[in-house]
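Peer 1: Handing you a structure now.
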Amino acid sequence: MEICDKIKEIRIINNLTQEEFAEIVGVSRQTIVKWEAGSSMPDSFNLKTICLKFNVSLNYLFDFEVKQKPSKNH
């Protein structure tokens with residue numbers, strides 16, 4: 001599932017209109033329309049806001065799977 005679909009899913013699960021979701025995140029409704037259509041992506045600040053306000057992780061939004069622990073680069 002793409003990030004645009006995840007954003008829409010979060011909004012729908014929380015029973016919010018695009019305008020209500022936009023107000024919570026601090027952007028315009030038109031921005032939400034673009035994010036959900038996949039024509040633009042949230043910046044790092046907005047991604048952090050979505051994660052904090054809706055209790056989701058970046059791993060969830062980007063569909064990342066942690067396969068191994070990072071190693072130190074010495």
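By order of appearance in the structure tokens: chains A, B, ..., then residues from 1 within every chain, and ligands from 1 in the order shown.
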Any idea what's packed within 9 Å of Gly26 of chain A, counting only C-alpha atoms, ignoring anything in its chain fewer than 4 positions away? Could you give it as a ChimeraX atom specification?
Peer 2: /A:21-22,46,49
Peer 1: Output as a PyMOL selection string all residues of segment 8-66 of chain A that backbone DSSP marks as helix (DSSP H, G or I).
Peer 2: chain A and resi 8-13+18-25+29-37+44-54+58-62
Peer 1: Could you take the residues named above and write them with N, CA and C atoms, as a short mmCIF file (atom, residue, chain, number, x, y, z; two decimals), in the first residue's frame?
Peer 2:
```cif
data_model
loop_
_atom_site.label_atom_id
_atom_site.label_comp_id
_atom_site.auth_asym_id
_atom_site.auth_seq_id
_atom_site.Cartn_x
_atom_site.Cartn_y
_atom_site.Cartn_z
N LYS A 8 -4.93 8.35 3.44
CA LYS A 8 -6.39 8.32 3.28
C LYS A 8 -7.01 7.34 4.28
N GLU A 9 -6.38 6.20 4.47
CA GLU A 9 -6.88 5.21 5.42
C GLU A 9 -6.91 5.78 6.84
N ILE A 10 -5.84 6.47 7.24
CA ILE A 10 -5.79 7.09 8.57
C ILE A 10 -6.94 8.07 8.73
N ARG A 11 -7.16 8.89 7.70
CA ARG A 11 -8.23 9.90 7.75
C ARG A 11 -9.60 9.23 7.88
N ILE A 12 -9.83 8.20 7.09
CA ILE A 12 -11.14 7.53 7.08
C ILE A 12 -11.38 6.78 8.39
N ILE A 13 -10.36 6.09 8.89
CA ILE A 13 -10.49 5.36 10.16
C ILE A 13 -10.86 6.31 11.29
N GLN A 18 -11.48 15.61 4.66
CA GLN A 18 -10.16 16.12 4.25
C GLN A 18 -9.88 17.45 4.94
N GLU A 19 -10.89 18.28 5.09
CA GLU A 19 -10.71 19.57 5.74
C GLU A 19 -10.36 19.40 7.22
N GLU A 20 -11.03 18.49 7.91
CA GLU A 20 -10.74 18.25 9.33
C GLU A 20 -9.33 17.68 9.51
N PHE A 21 -8.97 16.75 8.65
CA PHE A 21 -7.63 16.17 8.70
C PHE A 21 -6.58 17.24 8.46
N ALA A 22 -6.83 18.08 7.47
CA ALA A 22 -5.90 19.17 7.14
C ALA A 22 -5.71 20.11 8.33
N GLU A 23 -6.78 20.42 9.02
CA GLU A 23 -6.71 21.32 10.17
C GLU A 23 -5.85 20.71 11.28
N ILE A 24 -6.00 19.42 11.52
CA ILE A 24 -5.21 18.74 12.55
C ILE A 24 -3.73 18.74 12.19
N VAL A 25 -3.44 18.49 10.92
CA VAL A 25 -2.04 18.40 10.48
C VAL A 25 -1.43 19.80 10.29
N ARG A 29 -6.70 21.95 2.82
CA ARG A 29 -7.45 20.80 2.30
C ARG A 29 -6.88 20.36 0.96
N GLN A 30 -6.47 21.33 0.15
CA GLN A 30 -5.90 21.03 -1.17
C GLN A 30 -4.63 20.19 -1.04
N THR A 31 -3.87 20.44 0.02
CA THR A 31 -2.66 19.65 0.25
C THR A 31 -3.03 18.20 0.53
N ILE A 32 -4.07 17.99 1.33
CA ILE A 32 -4.53 16.63 1.62
C ILE A 32 -5.00 15.95 0.33
N VAL A 33 -5.71 16.67 -0.50
CA VAL A 33 -6.16 16.13 -1.79
C VAL A 33 -4.96 15.65 -2.59
N LYS A 34 -3.90 16.44 -2.65
CA LYS A 34 -2.69 16.08 -3.41
C LYS A 34 -1.99 14.88 -2.78
N TRP A 35 -1.90 14.85 -1.44
CA TRP A 35 -1.27 13.70 -0.78
C TRP A 35 -2.04 12.42 -1.08
N GLU A 36 -3.37 12.47 -0.97
CA GLU A 36 -4.18 11.27 -1.18
C GLU A 36 -4.19 10.84 -2.65
N ALA A 37 -3.99 11.78 -3.55
CA ALA A 37 -3.93 11.44 -4.98
C ALA A 37 -2.54 10.94 -5.38
N SER A 44 8.99 16.26 5.90
CA SER A 44 9.35 15.57 7.15
C SER A 44 8.58 16.12 8.35
N PHE A 45 8.36 17.42 8.40
CA PHE A 45 7.61 18.01 9.51
C PHE A 45 6.18 17.48 9.53
N ASN A 46 5.53 17.43 8.36
CA ASN A 46 4.15 16.94 8.30
C ASN A 46 4.06 15.45 8.55
N LEU A 47 5.07 14.69 8.13
CA LEU A 47 5.10 13.26 8.43
C LEU A 47 5.16 13.04 9.94
N LYS A 48 6.01 13.82 10.60
CA LYS A 48 6.13 13.72 12.05
C LYS A 48 4.81 14.06 12.72
N THR A 49 4.15 15.11 12.25
CA THR A 49 2.86 15.51 12.81
C THR A 49 1.82 14.40 12.65
N ILE A 50 1.75 13.80 11.47
CA ILE A 50 0.80 12.70 11.23
C ILE A 50 1.09 11.56 12.19
N CYS A 51 2.36 11.19 12.33
CA CYS A 51 2.73 10.09 13.22
C CYS A 51 2.33 10.37 14.66
N LEU A 52 2.60 11.59 15.12
CA LEU A 52 2.30 11.93 16.51
C LEU A 52 0.80 12.06 16.77
N LYS A 53 0.10 12.73 15.87
CA LYS A 53 -1.33 12.99 16.09
C LYS A 53 -2.19 11.73 15.94
N PHE A 54 -1.74 10.80 15.07
CA PHE A 54 -2.56 9.63 14.78
C PHE A 54 -1.92 8.32 15.25
N LEU A 58 6.55 5.86 11.17
CA LEU A 58 7.05 6.07 9.80
C LEU A 58 7.15 4.73 9.07
N ASN A 59 7.52 3.69 9.80
CA ASN A 59 7.58 2.35 9.19
C ASN A 59 6.22 1.97 8.60
N TYR A 60 5.16 2.27 9.33
CA TYR A 60 3.82 1.99 8.82
C TYR A 60 3.53 2.81 7.57
N LEU A 61 3.81 4.12 7.63
CA LEU A 61 3.50 4.99 6.49
C LEU A 61 4.26 4.59 5.24
N PHE A 62 5.51 4.20 5.41
CA PHE A 62 6.34 3.87 4.25
C PHE A 62 6.43 2.38 3.97
#
```
Peer 1: Would you mind telling me which residue in A:Asp63, A:Asn55, A:Asp43, A:Ile3 lies nearest to Val27 of chain A when using only C-alpha atoms?
Peer 2: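 Smallest distance to Val27 of chain A is found for A:Asp43.
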Peer 1: Using only C-alpha atoms, pick whichever of A:Val56, A:Ser28, A:Met41, A:Thr17 has the shortest atom-to-atom distance to Glu2 of chain A.
Peer 2: A:Met41
